[in-house]
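Data block for structure23.pdb (PDB, C-alpha atoms):
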ATOM      1  CA  MET V  26     125.462 118.786  51.363
ATOM      2  CA  ASN V  27     121.801 118.212  50.503
ATOM      3  CA  ILE V  28     119.030 119.505  52.755
ATOM      4  CA  GLN V  29     115.368 118.643  52.331
ATOM      5  CA  TYR V  30     113.192 121.621  53.265
ATOM      6  CA  LYS V  31     109.446 121.550  52.649
ATOM      7  CA  ASP V  32     109.041 120.681  48.941
ATOM      8  CA  TYR V  33     112.552 121.841  48.073
ATOM      9  CA  LEU V  34     116.024 120.400  47.978
ATOM     10  CA  ILE V  35     118.718 122.842  49.061
ATOM     11  CA  GLU V  36     122.220 122.010  47.899
ATOM     12  CA  ILE V  37     125.252 123.645  49.476
ATOM     13  CA  ILE V  38     128.327 122.988  47.362
ATOM     14  CA  ASP V  39     131.872 123.757  48.476
ATOM     15  CA  GLU V  40     133.324 125.693  45.544
ATOM     16  CA  THR V  41     136.438 126.840  47.435
ATOM     17  CA  ASP V  42     138.984 124.855  45.427
ATOM     18  CA  SER V  43     137.157 125.245  42.133
ATOM     19  CA  GLN V  44     138.980 127.687  39.867
ATOM     20  CA  ASP V  45     136.082 128.443  37.555
ATOM     21  CA  ASN V  46     133.243 127.086  39.691
ATOM     22  CA  ILE V  47     131.873 123.800  38.461
ATOM     23  CA  HIS V  48     128.365 125.230  38.394
ATOM     24  CA  ASN V  49     126.971 128.459  36.971
ATOM     25  CA  TYR V  50     125.285 130.829  39.410
ATOM     26  CA  ASP V  51     122.763 133.593  38.757
ATOM     27  CA  LYS V  52     123.921 135.688  41.724
ATOM     28  CA  ARG V  53     127.256 136.248  43.431
ATOM     29  CA  PHE V  54     127.585 137.725  46.924
ATOM     30  CA  VAL V  55     131.034 138.745  48.165
ATOM     31  CA  ILE V  56     131.790 139.391  51.830
ATOM     32  CA  GLY V  57     135.213 140.913  52.373
ATOM     33  CA  LYS V  58     137.855 140.638  49.651
ATOM     34  CA  ASP V  59     137.373 138.372  46.642
ATOM     35  CA  SER V  60     140.656 136.509  46.199
ATOM     36  CA  ASN V  61     141.995 133.020  45.569
ATOM     37  CA  ASN V  62     142.007 132.385  49.338
ATOM     38  CA  CYS V  63     138.257 132.848  49.780
ATOM     39  CA  THR V  64     135.823 130.259  51.045
ATOM     40  CA  LYS V  65     133.104 129.817  48.419
ATOM     41  CA  TYR V  66     129.764 128.051  48.822
ATOM     42  CA  GLY V  67     127.355 127.515  45.976
ATOM     43  CA  ILE V  68     123.721 127.374  47.057
ATOM     44  CA  ARG V  69     121.076 125.893  44.788
ATOM     45  CA  ILE V  70     117.388 125.408  45.510
ATOM     46  CA  LYS V  71     115.595 122.776  43.456
ATOM     47  CA  ASN V  72     111.912 121.929  43.178
ATOM     48  CA  SER V  73     110.363 118.459  43.444
ATOM     49  CA  LYS V  74     111.189 117.827  39.759
ATOM     50  CA  ASP V  75     114.926 118.364  40.440
ATOM     51  CA  VAL V  76     114.906 121.654  38.528
ATOM     52  CA  THR V  77     117.040 124.497  39.923
ATOM     53  CA  ILE V  78     114.775 127.460  40.651
ATOM     54  CA  ARG V  79     117.256 129.713  42.497
ATOM     55  CA  ASN V  80     121.022 129.701  42.949
ATOM     56  CA  CYS V  81     123.870 131.887  44.117
ATOM     57  CA  LEU V  82     127.553 131.808  44.930
ATOM     58  CA  LEU V  83     128.487 133.011  48.395
ATOM     59  CA  VAL V  84     132.122 134.183  48.615
ATOM     60  CA  CYS V  85     133.778 135.090  51.916
ATOM     61  CA  GLY V  86     137.277 136.575  51.966
ATOM     62  CA  THR V  87     137.643 137.139  55.697
ATOM     63  CA  GLY V  88     138.887 134.765  58.373
ATOM     64  CA  ALA V  89     140.135 131.232  57.802
ATOM     65  CA  GLY V  90     138.682 128.694  55.411
ATOM     66  CA  THR V  91     135.822 126.444  56.469
ATOM     67  CA  SER V  92     134.004 123.431  55.122
ATOM     68  CA  ILE V  93     130.357 122.456  54.943
ATOM     69  CA  ARG V  94     129.079 120.189  57.717
ATOM     70  CA  LYS V  95     125.697 119.633  59.360
ATOM     71  CA  GLU V  96     126.711 122.106  62.093
ATOM     72  CA  THR V  97     127.448 124.800  59.509
ATOM     73  CA  TYR V  98     123.854 125.886  58.928
ATOM     74  CA  ILE V  99     120.391 126.166  60.473
ATOM     75  CA  ILE V 100     117.104 126.731  58.687
ATOM     76  CA  ASP V 101     114.611 128.748  60.709
ATOM     77  CA  GLU V 102     111.308 129.509  59.008
ATOM     78  CA  GLU V 103     112.186 130.794  55.511
ATOM     79  CA  THR V 104     115.755 131.764  56.412
ATOM     80  CA  ILE V 105     119.031 129.872  56.300
ATOM     81  CA  PHE V 106     121.755 130.932  58.716
ATOM     82  CA  ILE V 107     125.113 129.667  57.484
ATOM     83  CA  CYS V 108     128.671 129.864  58.823
ATOM     84  CA  ILE V 109     131.277 130.651  56.190
ATOM     85  CA  SER V 110     134.832 131.485  57.289
ATOM     86  CA  ASN V 111     134.426 133.712  60.355
ATOM     87  CA  VAL V 112     131.034 135.108  59.352
ATOM     88  CA  VAL V 113     127.398 134.111  59.849
ATOM     89  CA  VAL V 114     125.142 134.932  56.901
ATOM     90  CA  SER V 115     121.345 135.203  57.109
ATOM     91  CA  MET V 116     119.823 134.463  53.730
ATOM     92  CA  SER V 117     116.195 134.411  52.609
ATOM     93  CA  LEU V 118     115.290 131.085  51.005
ATOM     94  CA  VAL V 119     112.400 132.680  49.111
ATOM     95  CA  GLU V 120     114.509 135.223  47.176
ATOM     96  CA  LEU V 121     117.956 133.750  47.912
ATOM     97  CA  GLU V 122     119.105 137.202  48.973
ATOM     98  CA  ILE V 123     121.292 138.138  51.933
ATOM     99  CA  ASN V 124     119.387 139.645  54.873
ATOM    100  CA  TRP V 125     122.542 140.404  56.852
ATOM    101  CA  PHE V 126     125.983 139.059  57.689
ATOM    102  CA  LYS V 127     128.030 139.385  60.848
ATOM    103  CA  GLU V 128     131.662 138.634  61.686
ATOM    104  CA  VAL V 129     131.435 136.504  64.831
ATOM    105  CA  ASP V 130     135.044 135.417  65.282
ATOM    106  CA  PHE V 131     138.463 136.697  64.282
ATOM    107  CA  ALA V 132     139.451 133.306  62.837
ATOM    108  CA  THR V 133     136.692 130.764  62.124
ATOM    109  CA  ALA V 134     133.024 130.018  62.830
ATOM    110  CA  PHE V 135     132.698 126.219  63.026
ATOM    111  CA  GLY V 136     129.001 125.855  63.756
ATOM    112  CA  ILE V 137     125.687 127.496  64.548
ATOM    113  CA  TYR V 138     123.176 126.098  67.052
ATOM    114  CA  LYS V 139     119.659 127.198  67.982
ATOM    115  CA  MET V 140     119.236 127.986  71.677
ATOM    116  CA  ASN V 141     115.814 129.289  72.665
ATOM    117  CA  GLU V 142     115.103 132.174  70.259
ATOM    118  CA  ASP V 143     118.765 132.971  69.552
ATOM    119  CA  PHE V 144     121.797 131.251  68.064
ATOM    120  CA  ILE V 145     125.066 130.121  69.589
ATOM    121  CA  ILE V 146     128.138 130.214  67.373
ATOM    122  CA  HIS V 147     131.057 127.883  68.103
ATOM    123  CA  GLY V 148     134.040 129.854  66.896
ATOM    124  CA  GLU V 149     137.748 129.219  67.150
ATOM    125  CA  LEU V 150     138.333 132.128  69.541
ATOM    126  CA  TYR V 151     134.815 132.918  70.793
ATOM    127  CA  ILE V 152     131.546 131.364  71.755
ATOM    128  CA  THR V 153     129.002 133.934  70.602
ATOM    129  CA  ARG V 154     125.282 134.409  71.125
ATOM    130  CA  ILE V 155     123.462 136.331  68.393
ATOM    131  CA  ASN V 156     119.808 137.036  67.757
ATOM    132  CA  LYS V 157     117.855 136.584  64.506
ATOM    133  CA  LYS V 158     118.821 140.116  63.440
ATOM    134  CA  GLY V 159     122.543 139.315  63.702
ATOM    135  CA  GLU V 160     123.096 141.416  66.815
ATOM    136  CA  ILE V 161     125.732 140.045  69.159
ATOM    137  CA  ILE V 162     124.276 139.551  72.648
ATOM    138  CA  TRP V 163     127.547 138.316  74.177
ATOM    139  CA  GLN V 164     130.908 136.746  73.296
ATOM    140  CA  LYS V 165     133.093 134.609  75.546
ATOM    141  CA  SER V 166     136.689 133.565  75.052
ATOM    142  CA  GLY V 167     138.713 130.982  76.937
ATOM    143  CA  SER V 168     142.286 130.391  77.993
ATOM    144  CA  ASP V 169     143.061 129.004  74.518
ATOM    145  CA  ILE V 170     141.272 128.324  71.222
ATOM    146  CA  PHE V 171     138.051 126.288  71.244
ATOM    147  CA  VAL V 172     139.510 123.504  69.109
ATOM    148  CA  LEU V 173     141.000 120.196  70.177
ATOM    149  CA  PRO V 174     143.961 118.447  68.533
ATOM    150  CA  ASN V 175     141.621 115.740  67.232
ATOM    151  CA  PHE V 176     139.008 118.201  65.898
ATOM    152  CA  PRO V 177     136.252 117.753  64.693
ATOM    153  CA  PHE V 178     135.600 115.377  67.578
ATOM    154  CA  GLU V 179     133.103 116.812  69.996
ATOM    155  CA  ASN V 180     134.454 119.511  72.247
ATOM    156  CA  PHE V 181     131.222 121.497  72.045
ATOM    157  CA  TYR V 182     127.604 120.667  72.882
ATOM    158  CA  ILE V 183     124.519 122.237  74.422
ATOM    159  CA  LYS V 184     122.404 120.515  77.077
ATOM    160  CA  ASP V 185     119.678 121.967  79.314
ATOM    161  CA  ASN V 186     120.466 125.559  78.240
ATOM    162  CA  ILE V 187     124.138 125.156  79.162
ATOM    163  CA  ILE V 188     126.941 125.316  76.607
ATOM    164  CA  PHE V 189     129.764 122.860  77.258
ATOM    165  CA  VAL V 190     133.052 123.530  75.475
ATOM    166  CA  GLN V 191     136.676 122.540  75.921
ATOM    167  CA  SER V 192     139.687 124.587  74.865
ATOM    168  CA  TRP V 193     142.958 123.415  73.311
ATOM    169  CA  ASP V 194     144.637 123.365  76.736
ATOM    170  CA  GLU V 195     141.882 120.945  77.869
ATOM    171  CA  ARG V 196     140.056 123.365  80.153
ATOM    172  CA  ASN V 197     136.316 122.746  80.371
ATOM    173  CA  TYR V 198     133.820 125.603  80.261
ATOM    174  CA  ARG V 199     130.137 125.755  81.088
ATOM    175  CA  ILE V 200     128.449 128.856  79.704
ATOM    176  CA  SER V 201     124.848 129.758  80.555
ATOM    177  CA  TYR V 202     122.340 131.188  78.096
ATOM    178  CA  ASN V 203     123.032 134.598  79.663
ATOM    179  CA  GLY V 204     126.784 134.238  79.093
ATOM    180  CA  GLU V 205     127.874 133.402  82.629
ATOM    181  CA  ILE V 206     130.885 131.062  82.811
ATOM    182  CA  THR V 207     130.983 128.472  85.576
TER     183      THR V 207
END

Would you write out, as structure tokens, the structure that this file holds?
Amino acid sequence: MNIQYKDYLIEIIDETDSQDNIHNYDKRFVIGKDSNNCTKYGIRIKNSKDVTIRNCLLVCGTGAGTSIRKETYIIDEETIFICISNVVVSMSLVELEINWFKEVDFATAFGIYKMNEDFIIHGELYITRINKKGEIIWQKSGSDIFVLPNFPFENFYIKDNIIFVQSWDERNYRISYNGEIT
């Protein structure tokens, strides 16, 4: 996945199935256990001349495996917030260092969405609201997992400060910004 940000190109590369990592990385950050079952994302930042100026390998050995999609990350100011396995990682784009990481689901974190000043995480078991410091404000579960049989088709969206999500058993949920379910 390539992301244009200011004068930089940010590349997020899924290195999960790569035995020896196709690319070399200057830094390696491991969250949880480092094993063959880890989700691994390479992150490279390039300048306008296509020269890599910073890079790292992010390894997460907790939760289930994930893949990189447009819902997987958000850039807010000079920080990238990225879902990897069941964790959200806050990483400085200036130094490419981890600010914090937080487990937000027992299984998987599918996507992160900006809602007012906070973030909403669409997880397999929980819908979670966190702030920019990684503090969980609330978590809500449903009658079943928040995945549909035909995933990744939309079973989650936010409109007018209301989170709409459907669970596996086809129940529909409306969750307010304050975490109230209607």

Which residues come within 12 Å of Thr64 (chain V), counting all atoms listed in the file, excluding same-chain residues fewer than 4 positions away, as an mmCIF file with C-alpha atoms, in the coordinates of the input?
data_model
loop_
_atom_site.group_PDB
_atom_site.id
_atom_site.type_symbol
_atom_site.label_atom_id
_atom_site.label_comp_id
_atom_site.auth_asym_id
_atom_site.auth_seq_id
_atom_site.Cartn_x
_atom_site.Cartn_y
_atom_site.Cartn_z
ATOM 1 C CA ILE V 38 128.327 122.988 47.362
ATOM 2 C CA ASP V 39 131.872 123.757 48.476
ATOM 3 C CA GLU V 40 133.324 125.693 45.544
ATOM 4 C CA THR V 41 136.438 126.840 47.435
ATOM 5 C CA ASP V 42 138.984 124.855 45.427
ATOM 6 C CA SER V 43 137.157 125.245 42.133
ATOM 7 C CA GLN V 44 138.980 127.687 39.867
ATOM 8 C CA PHE V 54 127.585 137.725 46.924
ATOM 9 C CA VAL V 55 131.034 138.745 48.165
ATOM 10 C CA ILE V 56 131.790 139.391 51.830
ATOM 11 C CA GLY V 57 135.213 140.913 52.373
ATOM 12 C CA LYS V 58 137.855 140.638 49.651
ATOM 13 C CA ASP V 59 137.373 138.372 46.642
ATOM 14 C CA SER V 60 140.656 136.509 46.199
ATOM 15 C CA LEU V 82 127.553 131.808 44.930
ATOM 16 C CA LEU V 83 128.487 133.011 48.395
ATOM 17 C CA VAL V 84 132.122 134.183 48.615
ATOM 18 C CA CYS V 85 133.778 135.090 51.916
ATOM 19 C CA GLY V 86 137.277 136.575 51.966
ATOM 20 C CA THR V 87 137.643 137.139 55.697
ATOM 21 C CA GLY V 88 138.887 134.765 58.373
ATOM 22 C CA ALA V 89 140.135 131.232 57.802
ATOM 23 C CA GLY V 90 138.682 128.694 55.411
ATOM 24 C CA THR V 91 135.822 126.444 56.469
ATOM 25 C CA SER V 92 134.004 123.431 55.122
ATOM 26 C CA ILE V 93 130.357 122.456 54.943
ATOM 27 C CA CYS V 108 128.671 129.864 58.823
ATOM 28 C CA ILE V 109 131.277 130.651 56.190
ATOM 29 C CA SER V 110 134.832 131.485 57.289
ATOM 30 C CA ASN V 111 134.426 133.712 60.355
ATOM 31 C CA VAL V 112 131.034 135.108 59.352
ATOM 32 C CA THR V 133 136.692 130.764 62.124
#

Box centre and edge lengths (Å, one decimal), axis-aligned, region 83-89 of chain V plus 4 Å each side, as JSON:
{"center_x": 134.3, "center_y": 134.2, "center_z": 53.4, "size_x": 19.6, "size_y": 13.9, "size_z": 18.0}

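Among the candidates V:Trp163, V:Phe135, V:Phe126, V:Tyr30, the residue lying nearest to Glu102 (chain V) is V:Tyr30 (atoms considered: all atoms listed in the file).
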
Expanded to explicit residues, what is the PyMOL selection byres ((chain V and resi 146-150) around 6) for this file, as a PyMOL selection string? chain V and resi 130+133-137+145+151-153+166+170-171

Spatial neighbours of Arg199 (chain V), 12 Å, only C-alpha atoms, chain gap at least 4 places, as a ChimeraX atom specification: /V:152,165-167,180-192,203-207

Please write the residues from the selection above to a file, keeping C-alpha atoms, as a compact mmCIF listing (two decimals), in the coordinates of the input.
# COMPACT_ATOMS: atom_id res chain seq x y z
CA ILE V 152 131.55 131.36 71.76
CA LYS V 165 133.09 134.61 75.55
CA SER V 166 136.69 133.56 75.05
CA GLY V 167 138.71 130.98 76.94
CA ASN V 180 134.45 119.51 72.25
CA PHE V 181 131.22 121.50 72.04
CA TYR V 182 127.60 120.67 72.88
CA ILE V 183 124.52 122.24 74.42
CA LYS V 184 122.40 120.52 77.08
CA ASP V 185 119.68 121.97 79.31
CA ASN V 186 120.47 125.56 78.24
CA ILE V 187 124.14 125.16 79.16
CA ILE V 188 126.94 125.32 76.61
CA PHE V 189 129.76 122.86 77.26
CA VAL V 190 133.05 123.53 75.47
CA GLN V 191 136.68 122.54 75.92
CA SER V 192 139.69 124.59 74.86
CA ASN V 203 123.03 134.60 79.66
CA GLY V 204 126.78 134.24 79.09
CA GLU V 205 127.87 133.40 82.63
CA ILE V 206 130.88 131.06 82.81
CA THR V 207 130.98 128.47 85.58

Apply the PyMOL selection byres ((chain V and resi 158) around 10) to the structure shown and report the selected residues as a list in words. Ser115, Asn124, Trp125, Phe126, Lys127, Asp143, Ile155, Asn156, Lys157, Gly159, Glu160 and Ile161 of chain V

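Interatomic distance, CA of Trp193 (chain V) to CA of Arg94 (chain V): 21.1 Å.
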
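Pairwise distance (CA of Leu34 (chain V), CA of Arg69 (chain V)) equals 8.1 Å.
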
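Against the coordinates shown, the PyMOL selection byres ((chain V and resi 49) around 12) returns V:Ile38, V:Glu40, V:Ser43, V:Asp45, V:Asn46, V:Ile47, V:His48, V:Tyr50, V:Asp51, V:Lys52, V:Arg53, V:Gly67, V:Ile68, V:Arg69, V:Thr77, V:Arg79, V:Asn80, V:Cys81, V:Leu82.
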
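Taking CA of Glu96 (chain V) and CA of Lys74 (chain V) as endpoints, the distance between them is 27.5 Å.
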